[in-house]
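**Student:** First the structure, then my questions, so here it is.
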Amino acid sequence: MSKTDTAYTDNFSVTTSLKQAFDDAGYIIVRGLLDRDELSKVSECLEGSDAMTKFSFAIKDGESRQSHMCLWSHPGHDVTGMIARCEKVVNTAQDLLGGEVYHYHTKLMMKEAFTGGKHVWHQDYGYWYKNGCLFPDMMTVFIAIDKCWKENGCLQVLEGSHKCGRIEHLFVGGQTGADLQRVEELKKVLPLKFVELEPGDALFFHCNLLHTSNANDSPHRRWAFLCAYNRASNNPVFKHHHPQYTPLNKVANSAILACNNLTDMTGKDFLDPSTDETIKADKVKATSEDGNGVKV
């Protein structure tokens with residue numbers, strides 16, 4: 001197991017060595033952050049009804065493919081909200097970023113079997129910067145709902161690229177992407193890593209880490225649940241489509257299994273893509289499939 005790779009246990013915490021690995025590489029992987037029962041509960045919430053996926057929209061990749069995304073600003077009180085607010089997610093984010101964080105947004109990324117599009121090279125801060133966040137004191141927690149591996153378009157990262165600072169971002173297809181000339185130069189000097197994850201594994205990564213993913217040509221869908229956090233001290237300087245500082249009400253890890261709210265999405269404030277200046281999207285409901293690419 002590499003220095004950036006660790007396994008979740010009941011007494012998990014960010015050690016000095018893990019913090020150093022995050023600072024050096026721009027990410028850490030926590031295997032088994034969600035156990036089988038927690039993952040089943042989340043999947044039931046995401047797939048048991050259209051309460052959430054009805055808010056999804058298509059993200060085109062400029063090459064006749066598309067993925068789907070559903071994004072909301074506040075955690076809410078359903079099972080997905082418990083994930084975004086639970087101690088093992090929030091405390092880890094705070095330890096890695098070095099201070100209190102608040103929920104910036106969460107999104108469900110749906111890359112369907114055979115049709116799921118690629119995501120171009122980008123830094124999350126490439127567009128969060130445009131939202132008035134003055135410092136890159138931000139991160140994303142990518143939690144695999146399905147197995148993510150090369151065949152179905154897992155994330156790829158340039159290890160250590162967060163140290164190069166913010167790169168200029170432009171529209172690439174229907175997405176906001178980093179200056180490809182700069183990316184190509186960085187690929188010559190930084191390791192390219194394929195982030196292969198089992199369901200329940202989580203990637204905690206810095207907002208300036210360059211990442212991408214290929215199209216899904218496999219018969220297996222690739223769904224992932226991404227929680228974004230901002231340091232409380234980094235309150236955006238103007239209002240936009242994501243929240244300014246909002247105190248985060250943490251819950252115990254046990255709240256995930258204890259929560260029986262699977263359909264009430266009150267208070268989540270779902271994104272209307274027509275108001276977002278960083279994406280160009282089509283309002284299309286995502287197709288729901290099981291982990292083997294079978295429509296349900």
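By order of appearance in the structure tokens: chains A, B, ..., then residues from 1 within every chain, and ligands from 1 in the order shown.
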Using DSSP on the backbone, list every residue of stretch 77-205 of chain A that comes out as strand (DSSP E), and give them as a ChimeraX atom specification.
**Tutor:** /A:101-111,119-122,138-144,155-158,169-172,175-178,192-195,202-205
**Student:** Considering only C-alpha atoms, return as a ChimeraX atom specification whatever protein or nucleic-acid residues lie within 8 Å of A:Glu87, sequence-local ones (same chain, fewer than 3 positions apart) excluded.
**Tutor:** /A:90-92,250-253
**Student:** Closest to A:Leu170 among A:Gly126, A:Gly200, A:Pro136, A:Pro247, using only C-alpha atoms?
**Tutor:**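 So, comparing all the options, the nearest one is A:Gly126.
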**Student:** So how many Å separate atom CA of A:Lys147 and atom CA of A:Val195, to one decimal?
**Tutor:**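 Straight-line distance from atom CA of A:Lys147 to atom CA of A:Val195 works out to 10.8 Å.
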**Student:** Quick one: of A:Cys45, A:Met52, A:Leu209, A:Ala7, who's nearest to A:His162, counting only C-alpha atoms?
**Tutor:**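 Between A:Cys45, A:Met52, A:Leu209, A:Ala7, the residue approaching A:His162 most closely is A:Leu209.
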**Student:** Please provide as a short mmCIF file (atom, residue, chain, number, x, y, z; two decimals) with all heavy atoms, in the first residue's frame all residues within 12 Å of A:Arg85, with the sequence filter that same-chain residues fewer than 2 positions apart are discarded (counting only C-alpha atoms).
**Tutor:**
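out-v2.cif, written as the output of this step:
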```cif
data_model
loop_
_atom_site.label_atom_id
_atom_site.label_comp_id
_atom_site.auth_asym_id
_atom_site.auth_seq_id
_atom_site.Cartn_x
_atom_site.Cartn_y
_atom_site.Cartn_z
N HIS A 74 -26.91 22.21 -0.34
CA HIS A 74 -26.98 21.95 1.10
C HIS A 74 -27.22 20.47 1.35
O HIS A 74 -27.93 19.81 0.57
CB HIS A 74 -28.06 22.81 1.73
CG HIS A 74 -27.82 24.28 1.58
ND1 HIS A 74 -26.84 24.96 2.28
CD2 HIS A 74 -28.41 25.20 0.76
CE1 HIS A 74 -26.84 26.23 1.92
NE2 HIS A 74 -27.78 26.42 1.00
N PRO A 75 -26.65 19.92 2.42
CA PRO A 75 -26.72 18.48 2.63
C PRO A 75 -28.13 17.92 2.72
O PRO A 75 -28.41 16.84 2.19
CB PRO A 75 -25.97 18.27 3.96
CG PRO A 75 -25.10 19.46 4.10
CD PRO A 75 -25.84 20.59 3.47
N GLY A 76 -29.02 18.63 3.39
CA GLY A 76 -30.36 18.11 3.61
C GLY A 76 -30.38 17.08 4.73
O GLY A 76 -29.39 16.88 5.44
N HIS A 77 -31.51 16.41 4.89
CA HIS A 77 -31.70 15.50 6.02
C HIS A 77 -31.95 14.06 5.59
O HIS A 77 -32.31 13.23 6.41
CB HIS A 77 -32.87 16.00 6.87
CG HIS A 77 -32.67 17.40 7.38
ND1 HIS A 77 -31.83 17.70 8.44
CD2 HIS A 77 -33.16 18.58 6.94
CE1 HIS A 77 -31.84 19.00 8.65
NE2 HIS A 77 -32.64 19.56 7.76
N ASP A 78 -31.72 13.77 4.31
CA ASP A 78 -31.85 12.40 3.82
C ASP A 78 -30.54 11.65 4.04
O ASP A 78 -29.59 12.18 4.62
CB ASP A 78 -32.22 12.42 2.34
CG ASP A 78 -31.12 13.02 1.48
OD1 ASP A 78 -30.68 14.14 1.80
OD2 ASP A 78 -30.66 12.37 0.53
N VAL A 79 -30.47 10.41 3.58
CA VAL A 79 -29.28 9.59 3.79
C VAL A 79 -28.04 10.22 3.15
O VAL A 79 -26.96 10.21 3.74
CB VAL A 79 -29.51 8.16 3.23
CG1 VAL A 79 -28.21 7.37 3.24
CG2 VAL A 79 -30.57 7.45 4.05
N THR A 80 -28.18 10.80 1.97
CA THR A 80 -27.01 11.42 1.33
C THR A 80 -26.50 12.60 2.16
O THR A 80 -25.30 12.88 2.19
CB THR A 80 -27.33 11.89 -0.10
OG1 THR A 80 -28.28 12.96 -0.09
CG2 THR A 80 -27.87 10.75 -0.95
N GLY A 81 -27.43 13.29 2.82
CA GLY A 81 -27.03 14.38 3.70
C GLY A 81 -26.24 13.89 4.90
O GLY A 81 -25.32 14.57 5.38
N MET A 82 -26.58 12.71 5.40
CA MET A 82 -25.84 12.14 6.52
C MET A 82 -24.40 11.81 6.11
O MET A 82 -23.46 11.97 6.90
CB MET A 82 -26.53 10.87 7.03
CG MET A 82 -27.95 11.07 7.57
SD MET A 82 -28.07 12.32 8.89
CE MET A 82 -28.84 13.68 8.00
N ILE A 83 -24.22 11.38 4.86
CA ILE A 83 -22.86 11.12 4.37
C ILE A 83 -22.05 12.42 4.37
O ILE A 83 -20.92 12.47 4.87
CB ILE A 83 -22.90 10.55 2.94
CG1 ILE A 83 -23.63 9.21 2.90
CG2 ILE A 83 -21.48 10.41 2.38
CD1 ILE A 83 -22.94 8.10 3.61
N GLU A 87 -19.05 12.44 10.69
CA GLU A 87 -17.75 12.79 11.25
C GLU A 87 -16.58 12.22 10.44
O GLU A 87 -15.57 12.90 10.26
CB GLU A 87 -17.67 12.30 12.69
CG GLU A 87 -18.60 13.05 13.64
CD GLU A 87 -18.57 12.52 15.06
OE1 GLU A 87 -18.20 11.33 15.24
OE2 GLU A 87 -18.90 13.28 15.99
N LYS A 88 -16.71 11.00 9.94
CA LYS A 88 -15.56 10.41 9.26
C LYS A 88 -15.26 11.08 7.93
O LYS A 88 -14.13 11.03 7.45
CB LYS A 88 -15.77 8.90 9.06
CG LYS A 88 -16.97 8.48 8.22
CD LYS A 88 -17.07 6.96 8.20
CE LYS A 88 -18.33 6.45 7.53
NZ LYS A 88 -18.41 4.97 7.56
N VAL A 89 -16.23 11.74 7.34
CA VAL A 89 -15.98 12.52 6.12
C VAL A 89 -15.54 13.93 6.48
O VAL A 89 -14.50 14.42 6.03
CB VAL A 89 -17.24 12.55 5.23
CG1 VAL A 89 -17.03 13.51 4.05
CG2 VAL A 89 -17.57 11.16 4.73
N VAL A 90 -16.32 14.61 7.32
CA VAL A 90 -16.05 16.01 7.63
C VAL A 90 -14.76 16.18 8.42
O VAL A 90 -13.94 17.06 8.11
CB VAL A 90 -17.24 16.63 8.40
CG1 VAL A 90 -16.93 18.09 8.77
CG2 VAL A 90 -18.51 16.56 7.57
N ASN A 91 -14.54 15.37 9.43
CA ASN A 91 -13.32 15.50 10.23
C ASN A 91 -12.07 15.25 9.40
O ASN A 91 -11.04 15.91 9.59
CB ASN A 91 -13.36 14.54 11.41
CG ASN A 91 -14.35 14.95 12.48
OD1 ASN A 91 -14.88 16.06 12.44
ND2 ASN A 91 -14.61 14.07 13.43
N THR A 92 -12.15 14.28 8.48
CA THR A 92 -11.00 14.03 7.61
C THR A 92 -10.72 15.23 6.72
O THR A 92 -9.56 15.64 6.54
CB THR A 92 -11.25 12.77 6.77
OG1 THR A 92 -11.49 11.65 7.63
CG2 THR A 92 -10.04 12.46 5.88
N ALA A 93 -11.78 15.81 6.15
CA ALA A 93 -11.61 17.00 5.32
C ALA A 93 -11.00 18.14 6.13
O ALA A 93 -10.11 18.86 5.65
CB ALA A 93 -12.95 17.42 4.72
N GLN A 94 -11.47 18.33 7.35
CA GLN A 94 -10.95 19.41 8.19
C GLN A 94 -9.48 19.18 8.54
O GLN A 94 -8.67 20.12 8.51
CB GLN A 94 -11.78 19.52 9.46
CG GLN A 94 -13.19 20.05 9.20
CD GLN A 94 -13.99 20.31 10.46
OE1 GLN A 94 -14.91 21.14 10.45
NE2 GLN A 94 -13.69 19.62 11.54
N VAL A 101 -14.45 23.42 8.09
CA VAL A 101 -14.96 23.45 6.72
C VAL A 101 -16.48 23.57 6.75
O VAL A 101 -17.13 23.30 7.76
CB VAL A 101 -14.56 22.19 5.93
CG1 VAL A 101 -13.05 22.04 5.86
CG2 VAL A 101 -15.21 20.93 6.51
N TYR A 102 -17.03 23.98 5.62
CA TYR A 102 -18.48 23.91 5.43
C TYR A 102 -18.77 23.23 4.11
O TYR A 102 -17.90 23.10 3.25
CB TYR A 102 -19.13 25.30 5.52
CG TYR A 102 -18.92 26.22 4.33
CD1 TYR A 102 -19.87 26.30 3.31
CD2 TYR A 102 -17.78 27.03 4.24
CE1 TYR A 102 -19.70 27.15 2.23
CE2 TYR A 102 -17.60 27.89 3.16
CZ TYR A 102 -18.56 27.95 2.15
OH TYR A 102 -18.39 28.79 1.09
N HIS A 103 -19.99 22.77 3.97
CA HIS A 103 -20.43 22.04 2.78
C HIS A 103 -20.61 23.01 1.63
O HIS A 103 -21.46 23.91 1.68
CB HIS A 103 -21.75 21.32 3.10
CG HIS A 103 -22.34 20.56 1.96
ND1 HIS A 103 -23.28 21.10 1.11
CD2 HIS A 103 -22.11 19.29 1.53
CE1 HIS A 103 -23.63 20.19 0.21
NE2 HIS A 103 -22.94 19.09 0.44
N TYR A 104 -19.80 22.84 0.59
CA TYR A 104 -19.88 23.74 -0.57
C TYR A 104 -20.91 23.22 -1.57
O TYR A 104 -21.68 23.98 -2.12
CB TYR A 104 -18.50 23.87 -1.20
CG TYR A 104 -18.36 25.02 -2.17
CD1 TYR A 104 -18.80 26.29 -1.84
CD2 TYR A 104 -17.77 24.82 -3.41
CE1 TYR A 104 -18.66 27.35 -2.73
CE2 TYR A 104 -17.61 25.87 -4.31
CZ TYR A 104 -18.07 27.13 -3.97
OH TYR A 104 -17.93 28.17 -4.86
N HIS A 105 -20.91 21.96 -1.82
CA HIS A 105 -21.98 21.29 -2.56
C HIS A 105 -21.67 19.79 -2.63
O HIS A 105 -20.57 19.36 -2.33
CB HIS A 105 -22.17 21.85 -3.98
CG HIS A 105 -20.96 21.80 -4.85
ND1 HIS A 105 -20.08 22.86 -4.97
CD2 HIS A 105 -20.46 20.82 -5.64
CE1 HIS A 105 -19.12 22.55 -5.80
NE2 HIS A 105 -19.32 21.31 -6.22
N THR A 106 -22.67 19.02 -3.02
CA THR A 106 -22.50 17.59 -3.30
C THR A 106 -23.06 17.32 -4.68
O THR A 106 -24.00 17.98 -5.12
CB THR A 106 -23.23 16.73 -2.25
OG1 THR A 106 -22.60 16.88 -0.99
CG2 THR A 106 -23.19 15.26 -2.63
N CYS A 227 -18.58 14.96 -2.47
CA CYS A 227 -18.86 16.05 -1.53
C CYS A 227 -17.73 17.06 -1.58
O CYS A 227 -16.57 16.70 -1.40
CB CYS A 227 -18.98 15.51 -0.11
SG CYS A 227 -20.23 14.24 0.11
N ALA A 228 -18.06 18.31 -1.81
CA ALA A 228 -17.07 19.38 -1.86
C ALA A 228 -17.15 20.22 -0.60
O ALA A 228 -18.25 20.54 -0.12
CB ALA A 228 -17.29 20.26 -3.09
N TYR A 229 -15.97 20.60 -0.07
CA TYR A 229 -15.90 21.38 1.16
C TYR A 229 -14.99 22.59 0.96
O TYR A 229 -14.01 22.53 0.23
CB TYR A 229 -15.37 20.52 2.31
CG TYR A 229 -16.27 19.37 2.64
CD1 TYR A 229 -16.04 18.11 2.09
CD2 TYR A 229 -17.38 19.53 3.47
CE1 TYR A 229 -16.88 17.05 2.36
CE2 TYR A 229 -18.22 18.47 3.75
CZ TYR A 229 -17.97 17.23 3.19
OH TYR A 229 -18.81 16.18 3.46
N PRO A 247 -22.58 27.26 8.61
CA PRO A 247 -22.09 26.30 9.60
C PRO A 247 -22.61 24.89 9.32
O PRO A 247 -23.80 24.70 9.02
CB PRO A 247 -22.63 26.84 10.92
CG PRO A 247 -22.76 28.32 10.68
CD PRO A 247 -23.19 28.44 9.25
N LEU A 248 -21.72 23.92 9.40
CA LEU A 248 -22.05 22.54 9.09
C LEU A 248 -22.40 21.78 10.37
O LEU A 248 -21.59 21.71 11.29
CB LEU A 248 -20.88 21.86 8.38
CG LEU A 248 -21.04 20.42 7.93
CD1 LEU A 248 -22.24 20.27 7.01
CD2 LEU A 248 -19.77 19.96 7.21
N ASN A 249 -23.58 21.25 10.41
CA ASN A 249 -24.04 20.48 11.57
C ASN A 249 -23.61 19.03 11.40
O ASN A 249 -24.29 18.24 10.75
CB ASN A 249 -25.56 20.60 11.70
CG ASN A 249 -26.10 19.83 12.89
OD1 ASN A 249 -25.38 19.54 13.84
ND2 ASN A 249 -27.39 19.51 12.84
N LYS A 250 -22.46 18.69 11.99
CA LYS A 250 -21.95 17.33 11.88
C LYS A 250 -22.85 16.34 12.61
O LYS A 250 -23.50 16.69 13.60
CB LYS A 250 -20.53 17.24 12.44
CG LYS A 250 -19.47 17.83 11.55
CD LYS A 250 -18.07 17.45 12.02
CE LYS A 250 -17.74 18.09 13.36
NZ LYS A 250 -16.32 17.81 13.75
N VAL A 251 -22.84 15.10 12.13
CA VAL A 251 -23.57 14.02 12.79
C VAL A 251 -22.63 12.85 13.01
O VAL A 251 -21.58 12.73 12.36
CB VAL A 251 -24.79 13.55 11.94
CG1 VAL A 251 -25.79 14.68 11.78
CG2 VAL A 251 -24.34 13.02 10.59
N ALA A 252 -23.00 11.99 13.92
CA ALA A 252 -22.20 10.79 14.18
C ALA A 252 -22.25 9.87 12.97
O ALA A 252 -23.20 9.89 12.17
CB ALA A 252 -22.74 10.07 15.41
N ASN A 253 -21.24 9.04 12.81
CA ASN A 253 -21.22 8.10 11.70
C ASN A 253 -22.43 7.17 11.72
O ASN A 253 -22.91 6.75 10.66
CB ASN A 253 -19.93 7.27 11.73
CG ASN A 253 -18.69 8.13 11.55
OD1 ASN A 253 -18.73 9.15 10.85
ND2 ASN A 253 -17.59 7.74 12.15
N SER A 254 -22.93 6.88 12.91
CA SER A 254 -24.09 5.99 13.05
C SER A 254 -25.35 6.57 12.42
O SER A 254 -26.32 5.84 12.15
CB SER A 254 -24.34 5.69 14.53
OG SER A 254 -24.59 6.90 15.25
N ALA A 255 -25.36 7.88 12.14
CA ALA A 255 -26.54 8.53 11.57
C ALA A 255 -26.84 8.03 10.16
O ALA A 255 -27.98 8.11 9.70
CB ALA A 255 -26.35 10.05 11.55
N ILE A 256 -25.83 7.51 9.47
CA ILE A 256 -26.05 7.01 8.11
C ILE A 256 -27.04 5.86 8.12
O ILE A 256 -28.03 5.86 7.38
CB ILE A 256 -24.72 6.58 7.48
CG1 ILE A 256 -23.74 7.75 7.40
CG2 ILE A 256 -24.96 6.00 6.08
CD1 ILE A 256 -22.33 7.36 7.00
#
```
**Student:** Quick one: everything within 6 Å of A:Phe205, counting only C-alpha atoms, minus sequence neighbours fewer than 4 positions away in the same chain. Send it as a PDB file with N, CA, C and O atoms, in the first residue's frame.
**Tutor:**
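See part_20.pdb below for the written result:
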```pdb
ATOM      1  N   GLY A  26      -1.316  15.644  -3.166  1.00  0.00           N
ATOM      2  CA  GLY A  26      -2.569  16.329  -3.477  1.00  0.00           C
ATOM      3  C   GLY A  26      -3.792  15.477  -3.254  1.00  0.00           C
ATOM      4  O   GLY A  26      -4.917  15.913  -3.540  1.00  0.00           O
ATOM      5  N   TYR A  27      -3.607  14.279  -2.704  1.00  0.00           N
ATOM      6  CA  TYR A  27      -4.747  13.391  -2.456  1.00  0.00           C
ATOM      7  C   TYR A  27      -4.347  12.265  -1.513  1.00  0.00           C
ATOM      8  O   TYR A  27      -3.154  11.971  -1.335  1.00  0.00           O
ATOM      9  N   MET A 139     -11.617  21.240  -1.097  1.00  0.00           N
ATOM     10  CA  MET A 139     -11.341  19.872  -1.514  1.00  0.00           C
ATOM     11  C   MET A 139     -12.623  19.143  -1.880  1.00  0.00           C
ATOM     12  O   MET A 139     -13.735  19.601  -1.580  1.00  0.00           O
ATOM     13  N   THR A 140     -12.444  17.985  -2.528  1.00  0.00           N
ATOM     14  CA  THR A 140     -13.552  17.116  -2.891  1.00  0.00           C
ATOM     15  C   THR A 140     -13.302  15.730  -2.324  1.00  0.00           C
ATOM     16  O   THR A 140     -12.171  15.249  -2.308  1.00  0.00           O
TER      17      THR A 140
END
```
**Student:** Would you please extract all helix (DSSP H, G or I) residues from stretch 80-247 of chain A, as assigned by DSSP on the backbone, and give them as a tab-separated table (two decimals) with C-alpha atoms, in the first residue's frame?
**Tutor:**
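Written output follows (states_18.tsv):
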```tsv
chain	number	residue	atom	x	y	z
A	80	THR	CA	-27.01	11.42	1.33
A	81	GLY	CA	-27.03	14.38	3.70
A	82	MET	CA	-25.84	12.14	6.52
A	83	ILE	CA	-22.86	11.12	4.37
A	84	ALA	CA	-21.91	14.75	3.73
A	85	ARG	CA	-22.29	15.63	7.42
A	87	GLU	CA	-17.75	12.79	11.25
A	88	LYS	CA	-15.56	10.41	9.26
A	89	VAL	CA	-15.98	12.52	6.12
A	90	VAL	CA	-16.05	16.01	7.63
A	91	ASN	CA	-13.32	15.50	10.23
A	92	THR	CA	-11.00	14.03	7.61
A	93	ALA	CA	-11.61	17.00	5.32
A	94	GLN	CA	-10.95	19.41	8.19
A	95	ASP	CA	-7.73	17.67	9.21
A	96	LEU	CA	-6.44	17.69	5.64
A	97	LEU	CA	-7.36	21.34	5.00
A	124	ASP	CA	-11.92	22.13	-9.33
A	125	TYR	CA	-10.43	25.46	-8.29
A	126	GLY	CA	-10.25	26.37	-11.95
A	127	TYR	CA	-13.93	27.24	-11.71
A	128	TRP	CA	-14.39	27.70	-7.96
A	129	TYR	CA	-11.93	30.58	-8.28
A	130	LYS	CA	-14.47	32.27	-10.54
A	131	ASN	CA	-17.07	31.94	-7.79
A	150	LYS	CA	-9.85	1.79	-16.11
A	151	GLU	CA	-12.48	-0.04	-18.13
A	152	ASN	CA	-15.37	2.18	-17.03
A	161	SER	CA	-0.08	18.91	-9.74
A	162	HIS	CA	-1.82	20.89	-6.98
A	163	LYS	CA	1.55	22.54	-6.37
A	164	CYS	CA	1.55	24.23	-9.78
A	180	LEU	CA	-4.17	21.61	-22.44
A	181	GLN	CA	-0.76	22.94	-23.43
A	182	ARG	CA	0.10	23.44	-19.76
A	183	VAL	CA	-1.35	20.02	-18.90
A	184	GLU	CA	0.82	18.32	-21.52
A	185	GLU	CA	3.95	19.92	-20.08
A	186	LEU	CA	2.99	18.84	-16.56
A	187	LYS	CA	2.42	15.27	-17.77
A	232	ALA	CA	-14.82	28.48	6.76
A	233	SER	CA	-12.07	31.12	6.57
A	234	ASN	CA	-12.37	31.13	2.75
```
**Student:** My list of candidates is A:Gln20, A:Gln123, A:Gln156, A:Thr176. Which is closest to A:Gly62 when distances are computed with only C-alpha atoms?
**Tutor:**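 Of A:Gln20, A:Gln123, A:Gln156, A:Thr176, the one nearest A:Gly62 is A:Thr176, counting only C-alpha atoms.
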**Student:** What does the distance between atom CA of A:Asp272 and atom CA of A:Cys70 come to in Å, to one decimal place?
**Tutor:**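 We find that atom CA of A:Asp272 and atom CA of A:Cys70 lie 9.5 Å from each other.
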**Student:** So that I can check the surroundings of A:Ser40, please list as number ranges by chain every protein, DNA and RNA residue that reaches within 12 Å of it, counting only C-alpha atoms and ignoring chain neighbours fewer than 4 positions away.
**Tutor:** A: 34-36, 44-48, 79-80, 145-146, 199-200, 256-257, 262
**Student:** How about saving the chosen residues, N, CA, C and O atoms kept, as a tab-separated table (two decimals), in the first residue's frame?
**Tutor:**
```
chain	number	residue	atom	x	y	z
A	34	LEU	N	-17.02	3.80	3.41
A	34	LEU	CA	-18.39	3.33	3.63
A	34	LEU	C	-18.39	1.81	3.62
A	34	LEU	O	-17.83	1.20	2.69
A	35	ASP	N	-19.00	1.21	4.63
A	35	ASP	CA	-19.07	-0.24	4.64
A	35	ASP	C	-20.24	-0.71	3.78
A	35	ASP	O	-21.00	0.09	3.22
A	36	ARG	N	-20.40	-2.02	3.71
A	36	ARG	CA	-21.42	-2.59	2.81
A	36	ARG	C	-22.83	-2.12	3.17
A	36	ARG	O	-23.62	-1.79	2.29
A	44	GLU	N	-29.82	2.70	-2.02
A	44	GLU	CA	-31.28	2.66	-1.94
A	44	GLU	C	-31.86	4.06	-2.08
A	44	GLU	O	-32.88	4.26	-2.75
A	45	CYS	N	-31.20	5.03	-1.49
A	45	CYS	CA	-31.66	6.42	-1.57
A	45	CYS	C	-31.51	6.95	-2.99
A	45	CYS	O	-32.41	7.62	-3.51
A	46	LEU	N	-30.39	6.62	-3.64
A	46	LEU	CA	-30.12	7.14	-4.97
A	46	LEU	C	-30.94	6.46	-6.06
A	46	LEU	O	-31.29	7.08	-7.06
A	47	GLU	N	-31.25	5.19	-5.85
A	47	GLU	CA	-31.86	4.40	-6.92
A	47	GLU	C	-33.29	3.98	-6.62
A	47	GLU	O	-33.99	3.51	-7.52
A	48	GLY	N	-33.74	4.14	-5.37
A	48	GLY	CA	-35.05	3.64	-4.99
A	48	GLY	C	-36.21	4.44	-5.55
A	48	GLY	O	-37.33	3.95	-5.62
A	79	VAL	N	-30.47	10.41	3.58
A	79	VAL	CA	-29.28	9.59	3.79
A	79	VAL	C	-28.04	10.22	3.15
A	79	VAL	O	-26.96	10.21	3.74
A	80	THR	N	-28.18	10.80	1.97
A	80	THR	CA	-27.01	11.42	1.33
A	80	THR	C	-26.50	12.60	2.16
A	80	THR	O	-25.30	12.88	2.19
A	145	ILE	N	-19.61	4.70	-5.71
A	145	ILE	CA	-20.84	3.93	-5.52
A	145	ILE	C	-20.70	2.59	-6.24
A	145	ILE	O	-21.10	1.54	-5.72
A	146	ASP	N	-20.15	2.63	-7.43
A	146	ASP	CA	-19.82	1.43	-8.19
A	146	ASP	C	-18.30	1.26	-8.22
A	146	ASP	O	-17.56	2.20	-7.91
A	199	PRO	N	-16.39	-0.13	-4.54
A	199	PRO	CA	-17.52	0.58	-3.94
A	199	PRO	C	-17.27	0.86	-2.46
A	199	PRO	O	-16.88	-0.04	-1.71
A	200	GLY	N	-17.49	2.10	-2.05
A	200	GLY	CA	-17.26	2.50	-0.67
A	200	GLY	C	-15.91	3.13	-0.41
A	200	GLY	O	-15.71	3.77	0.63
A	256	ILE	N	-25.83	7.51	9.47
A	256	ILE	CA	-26.05	7.01	8.11
A	256	ILE	C	-27.04	5.86	8.12
A	256	ILE	O	-28.03	5.86	7.38
A	257	LEU	N	-26.80	4.87	8.97
A	257	LEU	CA	-27.69	3.71	9.04
A	257	LEU	C	-28.98	4.02	9.79
A	257	LEU	O	-30.01	3.39	9.53
A	262	LEU	N	-35.35	8.51	2.72
A	262	LEU	CA	-34.78	8.17	1.42
A	262	LEU	C	-35.32	9.04	0.29
A	262	LEU	O	-34.78	9.02	-0.81
```
**Student:** Please determine, counting only C-alpha atoms, which residue among A:Val14, A:Leu39, A:Ala258, A:Cys207 has the shortest atom-to-atom distance to A:Met138.
**Tutor:**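 Between A:Val14, A:Leu39, A:Ala258, A:Cys207, the residue approaching A:Met138 most closely is A:Cys207.
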